[in-house]
Amino acid sequence: QVQLVESGGGLVQPGGSLRLSCVASESIFSFPGMGWYRQAPGKERELVARMSFGGMTNYADSVKGRFTVSRDAPKNTIFLRMNSLKSEDTAVYYCTAERRGTTDNYWGQGTQVTVSS
């Protein structure tokens with residue numbers, strides 16, 4: 001069973017930055033893509049950023065220009081760099097890894113990001 005372990009969440013002031021990390025229990029090239037979702041209270045889970053096996057990235061419109069997804073393949077790790085954070089970025093952030101032949105992704109346990117003064 002694949003395990004994804006996130007870290008790096010916390011409390012930050014508006015305009016601040018955080019970097020989230022997600023370590024996978026196997027090579028990140030095992031997956032067609034990996035990414036980050038978030039879920040705010042009372043809202044549905046939404047895609048924030050995704051990186052494909054080949055390194056192509058896509059972002060939610062609300063985070064374009066502020067967030068960057070990257071990876072360190074030898075360390076089986078993906079990152080989400082979040083700059084210019086806003087209160088509306090407050091959510092639980094989940095790392096996800098896609099599985100071939102199914103839409104049933106692997107998920108991490110989530111890490112809380114709170115943007116508040």
# chains A, B, ... in the order shown; residues from 1 in each chain; ligands from 1
$ closest_atom_pairs --of "stretch 47-86 of chain A" --to "stretch 90-96 of chain A" --cutoff "12 Å" --atoms "only C-alpha atoms" --output "JSON lines"
{"residue": "A:Leu47", "atom": "CA", "partner": "A:Tyr94", "partner_atom": "CA", "distance": 9.4}
{"residue": "A:Val48", "atom": "CA", "partner": "A:Tyr93", "partner_atom": "CA", "distance": 8.8}
{"residue": "A:Ala49", "atom": "CA", "partner": "A:Cys95", "partner_atom": "CA", "distance": 9.8}
{"residue": "A:Arg50", "atom": "CA", "partner": "A:Thr96", "partner_atom": "CA", "distance": 9.0}
{"residue": "A:Met51", "atom": "CA", "partner": "A:Thr96", "partner_atom": "CA", "distance": 10.6}
{"residue": "A:Ser52", "atom": "CA", "partner": "A:Thr96", "partner_atom": "CA", "distance": 11.8}
{"residue": "A:Val69", "atom": "CA", "partner": "A:Cys95", "partner_atom": "CA", "distance": 11.1}
{"residue": "A:Thr77", "atom": "CA", "partner": "A:Cys95", "partner_atom": "CA", "distance": 10.4}
{"residue": "A:Ile78", "atom": "CA", "partner": "A:Cys95", "partner_atom": "CA", "distance": 8.6}
{"residue": "A:Phe79", "atom": "CA", "partner": "A:Cys95", "partner_atom": "CA", "distance": 9.2}
{"residue": "A:Leu80", "atom": "CA", "partner": "A:Cys95", "partner_atom": "CA", "distance": 9.4}
{"residue": "A:Met82", "atom": "CA", "partner": "A:Tyr93", "partner_atom": "CA", "distance": 11.5}
{"residue": "A:Leu85", "atom": "CA", "partner": "A:Thr90", "partner_atom": "CA", "distance": 8.7}
{"residue": "A:Lys86", "atom": "CA", "partner": "A:Thr90", "partner_atom": "CA", "distance": 7.6}
$ write_last_selection --atoms "N, CA, C and O atoms" --output "PDB file, in the first residue's frame"
ATOM      1  N   LEU A  47      -8.721  20.793  -6.580  1.00  0.00           N
ATOM      2  CA  LEU A  47      -7.348  20.656  -7.051  1.00  0.00           C
ATOM      3  C   LEU A  47      -6.645  21.997  -6.947  1.00  0.00           C
ATOM      4  O   LEU A  47      -7.166  23.021  -7.383  1.00  0.00           O
ATOM      5  N   VAL A  48      -5.448  21.972  -6.394  1.00  0.00           N
ATOM      6  CA  VAL A  48      -4.617  23.171  -6.301  1.00  0.00           C
ATOM      7  C   VAL A  48      -3.534  23.161  -7.369  1.00  0.00           C
ATOM      8  O   VAL A  48      -3.350  24.128  -8.104  1.00  0.00           O
ATOM      9  N   ALA A  49      -2.809  22.041  -7.454  1.00  0.00           N
ATOM     10  CA  ALA A  49      -1.701  21.949  -8.403  1.00  0.00           C
ATOM     11  C   ALA A  49      -1.423  20.491  -8.697  1.00  0.00           C
ATOM     12  O   ALA A  49      -1.618  19.634  -7.835  1.00  0.00           O
ATOM     13  N   ARG A  50      -0.934  20.247  -9.906  1.00  0.00           N
ATOM     14  CA  ARG A  50      -0.630  18.887 -10.321  1.00  0.00           C
ATOM     15  C   ARG A  50       0.624  18.883 -11.175  1.00  0.00           C
ATOM     16  O   ARG A  50       0.879  19.823 -11.950  1.00  0.00           O
ATOM     17  N   MET A  51       1.424  17.826 -11.012  1.00  0.00           N
ATOM     18  CA  MET A  51       2.579  17.623 -11.884  1.00  0.00           C
ATOM     19  C   MET A  51       2.476  16.238 -12.477  1.00  0.00           C
ATOM     20  O   MET A  51       2.306  15.250 -11.748  1.00  0.00           O
ATOM     21  N   SER A  52       2.587  16.141 -13.782  1.00  0.00           N
ATOM     22  CA  SER A  52       2.496  14.855 -14.457  1.00  0.00           C
ATOM     23  C   SER A  52       3.810  14.093 -14.358  1.00  0.00           C
ATOM     24  O   SER A  52       4.844  14.636 -13.956  1.00  0.00           O
ATOM     25  N   VAL A  69       4.478  23.911  -7.789  1.00  0.00           N
ATOM     26  CA  VAL A  69       4.683  22.500  -7.464  1.00  0.00           C
ATOM     27  C   VAL A  69       6.004  22.046  -8.072  1.00  0.00           C
ATOM     28  O   VAL A  69       6.340  22.429  -9.202  1.00  0.00           O
ATOM     29  N   THR A  77       9.797  12.766  -3.288  1.00  0.00           N
ATOM     30  CA  THR A  77       9.118  13.887  -2.637  1.00  0.00           C
ATOM     31  C   THR A  77       8.614  14.899  -3.652  1.00  0.00           C
ATOM     32  O   THR A  77       9.305  15.203  -4.631  1.00  0.00           O
ATOM     33  N   ILE A  78       7.397  15.394  -3.397  1.00  0.00           N
ATOM     34  CA  ILE A  78       6.921  16.566  -4.130  1.00  0.00           C
ATOM     35  C   ILE A  78       6.698  17.691  -3.130  1.00  0.00           C
ATOM     36  O   ILE A  78       6.513  17.454  -1.931  1.00  0.00           O
ATOM     37  N   PHE A  79       6.743  18.901  -3.659  1.00  0.00           N
ATOM     38  CA  PHE A  79       6.621  20.079  -2.827  1.00  0.00           C
ATOM     39  C   PHE A  79       5.523  20.995  -3.371  1.00  0.00           C
ATOM     40  O   PHE A  79       5.186  20.949  -4.551  1.00  0.00           O
ATOM     41  N   LEU A  80       5.016  21.825  -2.507  1.00  0.00           N
ATOM     42  CA  LEU A  80       4.149  22.916  -2.924  1.00  0.00           C
ATOM     43  C   LEU A  80       4.644  24.176  -2.229  1.00  0.00           C
ATOM     44  O   LEU A  80       4.506  24.323  -1.016  1.00  0.00           O
ATOM     45  N   MET A  82       4.154  27.934  -1.527  1.00  0.00           N
ATOM     46  CA  MET A  82       3.018  28.848  -1.503  1.00  0.00           C
ATOM     47  C   MET A  82       3.494  30.219  -1.067  1.00  0.00           C
ATOM     48  O   MET A  82       3.966  30.384   0.066  1.00  0.00           O
ATOM     49  N   LEU A  85       0.427  34.339   0.503  1.00  0.00           N
ATOM     50  CA  LEU A  85      -0.748  33.625   1.002  1.00  0.00           C
ATOM     51  C   LEU A  85      -1.846  34.590   1.420  1.00  0.00           C
ATOM     52  O   LEU A  85      -1.585  35.687   1.938  1.00  0.00           O
ATOM     53  N   LYS A  86      -3.074  34.131   1.188  1.00  0.00           N
ATOM     54  CA  LYS A  86      -4.265  34.902   1.514  1.00  0.00           C
ATOM     55  C   LYS A  86      -5.126  34.121   2.497  1.00  0.00           C
ATOM     56  O   LYS A  86      -4.997  32.892   2.614  1.00  0.00           O
TER      57      LYS A  86
END
$ residues_around --residues "A:Arg66" --least-positions-apart "5" --cutoff "10 Å" --atoms "only C-alpha atoms" --output "list in words"
Ser17, Tyr59, Arg81, Met82, Asn83, Ser84 and Leu85 of chain A
$ closest_residue --among "A:Asp89, A:Phe31, A:Arg100, A:Pro74" --to "A:Val113" --atoms "only C-alpha atoms"
A:Asp89
$ residues_around --residues "A:Thr111" --least-positions-apart "2" --cutoff "12 Å" --atoms "only C-alpha atoms" --output "VMD selection string"
chain A and resid 4 to 11 18 to 22 36 to 40 80 90 to 95 107 to 109 113 to 114
$ write_last_selection --atoms "N, CA and C atoms" --output "PDB file, in the first residue's frame"
ATOM      1  N   LEU A   4       1.619   8.255   1.651  1.00  0.00           N
ATOM      2  CA  LEU A   4       2.004   9.634   1.366  1.00  0.00           C
ATOM      3  C   LEU A   4       1.978  10.389   2.684  1.00  0.00           C
ATOM      4  N   VAL A   5       3.081  11.029   3.016  1.00  0.00           N
ATOM      5  CA  VAL A   5       3.179  11.738   4.289  1.00  0.00           C
ATOM      6  C   VAL A   5       3.483  13.198   4.016  1.00  0.00           C
ATOM      7  N   GLU A   6       2.539  14.062   4.392  1.00  0.00           N
ATOM      8  CA  GLU A   6       2.704  15.500   4.199  1.00  0.00           C
ATOM      9  C   GLU A   6       3.308  16.143   5.444  1.00  0.00           C
ATOM     10  N   SER A   7       3.950  17.267   5.224  1.00  0.00           N
ATOM     11  CA  SER A   7       4.447  18.094   6.324  1.00  0.00           C
ATOM     12  C   SER A   7       4.586  19.522   5.816  1.00  0.00           C
ATOM     13  N   GLY A   8       4.770  20.449   6.759  1.00  0.00           N
ATOM     14  CA  GLY A   8       5.047  21.830   6.384  1.00  0.00           C
ATOM     15  C   GLY A   8       3.910  22.798   6.596  1.00  0.00           C
ATOM     16  N   GLY A   9       2.742  22.313   6.992  1.00  0.00           N
ATOM     17  CA  GLY A   9       1.637  23.227   7.245  1.00  0.00           C
ATOM     18  C   GLY A   9       1.867  24.028   8.514  1.00  0.00           C
ATOM     19  N   GLY A  10       0.969  24.973   8.746  1.00  0.00           N
ATOM     20  CA  GLY A  10       1.075  25.780   9.944  1.00  0.00           C
ATOM     21  C   GLY A  10       0.292  27.062   9.830  1.00  0.00           C
ATOM     22  N   LEU A  11       0.574  27.966  10.763  1.00  0.00           N
ATOM     23  CA  LEU A  11      -0.070  29.272  10.805  1.00  0.00           C
ATOM     24  C   LEU A  11       0.871  30.308  10.201  1.00  0.00           C
ATOM     25  N   LEU A  18       4.793  29.470   2.739  1.00  0.00           N
ATOM     26  CA  LEU A  18       4.994  28.150   3.336  1.00  0.00           C
ATOM     27  C   LEU A  18       5.421  27.196   2.232  1.00  0.00           C
ATOM     28  N   ARG A  19       6.122  26.142   2.615  1.00  0.00           N
ATOM     29  CA  ARG A  19       6.415  25.073   1.670  1.00  0.00           C
ATOM     30  C   ARG A  19       5.932  23.753   2.262  1.00  0.00           C
ATOM     31  N   LEU A  20       5.048  23.101   1.535  1.00  0.00           N
ATOM     32  CA  LEU A  20       4.567  21.790   1.929  1.00  0.00           C
ATOM     33  C   LEU A  20       5.408  20.718   1.247  1.00  0.00           C
ATOM     34  N   SER A  21       5.603  19.615   1.949  1.00  0.00           N
ATOM     35  CA  SER A  21       6.326  18.472   1.406  1.00  0.00           C
ATOM     36  C   SER A  21       5.456  17.232   1.495  1.00  0.00           C
ATOM     37  N   CYS A  22       5.653  16.340   0.557  1.00  0.00           N
ATOM     38  CA  CYS A  22       4.934  15.064   0.543  1.00  0.00           C
ATOM     39  C   CYS A  22       5.929  13.980   0.143  1.00  0.00           C
ATOM     40  N   TRP A  36      -1.578  18.284  -5.397  1.00  0.00           N
ATOM     41  CA  TRP A  36      -2.087  18.800  -4.135  1.00  0.00           C
ATOM     42  C   TRP A  36      -3.531  19.254  -4.304  1.00  0.00           C
ATOM     43  N   TYR A  37      -4.350  18.840  -3.353  1.00  0.00           N
ATOM     44  CA  TYR A  37      -5.717  19.317  -3.245  1.00  0.00           C
ATOM     45  C   TYR A  37      -5.855  20.045  -1.913  1.00  0.00           C
ATOM     46  N   ARG A  38      -6.924  20.781  -1.776  1.00  0.00           N
ATOM     47  CA  ARG A  38      -7.227  21.408  -0.495  1.00  0.00           C
ATOM     48  C   ARG A  38      -8.721  21.382  -0.242  1.00  0.00           C
ATOM     49  N   GLN A  39      -9.061  21.427   1.034  1.00  0.00           N
ATOM     50  CA  GLN A  39     -10.458  21.462   1.424  1.00  0.00           C
ATOM     51  C   GLN A  39     -10.629  22.428   2.585  1.00  0.00           C
ATOM     52  N   ALA A  40     -11.402  23.474   2.338  1.00  0.00           N
ATOM     53  CA  ALA A  40     -11.722  24.447   3.365  1.00  0.00           C
ATOM     54  C   ALA A  40     -13.024  24.035   4.053  1.00  0.00           C
ATOM     55  N   LEU A  80       5.016  21.825  -2.507  1.00  0.00           N
ATOM     56  CA  LEU A  80       4.149  22.916  -2.924  1.00  0.00           C
ATOM     57  C   LEU A  80       4.644  24.176  -2.229  1.00  0.00           C
ATOM     58  N   THR A  90      -6.648  29.315   3.425  1.00  0.00           N
ATOM     59  CA  THR A  90      -6.789  28.486   4.624  1.00  0.00           C
ATOM     60  C   THR A  90      -7.582  27.221   4.300  1.00  0.00           C
ATOM     61  N   ALA A  91      -6.981  26.075   4.601  1.00  0.00           N
ATOM     62  CA  ALA A  91      -7.602  24.795   4.275  1.00  0.00           C
ATOM     63  C   ALA A  91      -6.705  23.665   4.777  1.00  0.00           C
ATOM     64  N   VAL A  92      -7.225  22.459   4.705  1.00  0.00           N
ATOM     65  CA  VAL A  92      -6.390  21.278   4.862  1.00  0.00           C
ATOM     66  C   VAL A  92      -5.885  20.906   3.468  1.00  0.00           C
ATOM     67  N   TYR A  93      -4.593  20.767   3.349  1.00  0.00           N
ATOM     68  CA  TYR A  93      -3.966  20.450   2.068  1.00  0.00           C
ATOM     69  C   TYR A  93      -3.601  18.966   2.047  1.00  0.00           C
ATOM     70  N   TYR A  94      -3.982  18.308   0.956  1.00  0.00           N
ATOM     71  CA  TYR A  94      -3.757  16.876   0.803  1.00  0.00           C
ATOM     72  C   TYR A  94      -2.854  16.614  -0.399  1.00  0.00           C
ATOM     73  N   CYS A  95      -1.902  15.751  -0.179  1.00  0.00           N
ATOM     74  CA  CYS A  95      -1.079  15.241  -1.271  1.00  0.00           C
ATOM     75  C   CYS A  95      -1.798  14.044  -1.893  1.00  0.00           C
ATOM     76  N   TRP A 107      -4.027   8.974  -1.136  1.00  0.00           N
ATOM     77  CA  TRP A 107      -4.121  10.268  -0.441  1.00  0.00           C
ATOM     78  C   TRP A 107      -3.276  10.265   0.816  1.00  0.00           C
ATOM     79  N   GLY A 108      -2.702  11.419   1.109  1.00  0.00           N
ATOM     80  CA  GLY A 108      -2.064  11.599   2.389  1.00  0.00           C
ATOM     81  C   GLY A 108      -3.087  11.955   3.446  1.00  0.00           C
ATOM     82  N   GLN A 109      -2.582  12.171   4.664  1.00  0.00           N
ATOM     83  CA  GLN A 109      -3.480  12.425   5.790  1.00  0.00           C
ATOM     84  C   GLN A 109      -3.904  13.882   5.875  1.00  0.00           C
ATOM     85  N   VAL A 113      -3.213  24.321   6.816  1.00  0.00           N
ATOM     86  CA  VAL A 113      -2.616  25.626   6.532  1.00  0.00           C
ATOM     87  C   VAL A 113      -3.623  26.692   6.946  1.00  0.00           C
ATOM     88  N   THR A 114      -3.198  27.568   7.832  1.00  0.00           N
ATOM     89  CA  THR A 114      -4.056  28.647   8.310  1.00  0.00           C
ATOM     90  C   THR A 114      -3.377  29.983   8.035  1.00  0.00           C
TER      91      THR A 114
END
$ residues_around --residues "A:Tyr106" --least-positions-apart "6" --cutoff "7 Å" --atoms "only C-alpha atoms" --output "PyMOL selection string"
chain A and resi 2+96-98
$ write_last_selection --atoms "N, CA and C atoms" --output "mmCIF file, in the first residue's frame"
data_model
loop_
_atom_site.group_PDB
_atom_site.id
_atom_site.type_symbol
_atom_site.label_atom_id
_atom_site.label_comp_id
_atom_site.auth_asym_id
_atom_site.auth_seq_id
_atom_site.Cartn_x
_atom_site.Cartn_y
_atom_site.Cartn_z
ATOM 1 N N VAL A 2 0.602 2.141 -0.902
ATOM 2 C CA VAL A 2 1.378 3.373 -1.000
ATOM 3 C C VAL A 2 1.025 4.284 0.163
ATOM 4 N N THR A 96 -1.706 13.917 -3.192
ATOM 5 C CA THR A 96 -2.347 12.792 -3.860
ATOM 6 C C THR A 96 -1.446 12.224 -4.940
ATOM 7 N N ALA A 97 -1.553 10.924 -5.145
ATOM 8 C CA ALA A 97 -0.822 10.242 -6.209
ATOM 9 C C ALA A 97 -1.834 9.455 -7.040
ATOM 10 N N GLU A 98 -1.744 9.633 -8.343
ATOM 11 C CA GLU A 98 -2.701 8.975 -9.230
ATOM 12 C C GLU A 98 -2.321 7.525 -9.461
#
$ select_by_dssp --residues "stretch 50-117 of chain A" --states "strand (DSSP E)" --output "JSON, numbers by chain"
{"A": [50, 51, 52, 57, 58, 59, 67, 68, 69, 70, 71, 72, 77, 78, 79, 80, 81, 82, 91, 92, 93, 94, 95, 96, 97, 98, 99, 102, 103, 104, 105, 106, 107, 111, 112, 113, 114, 115]}
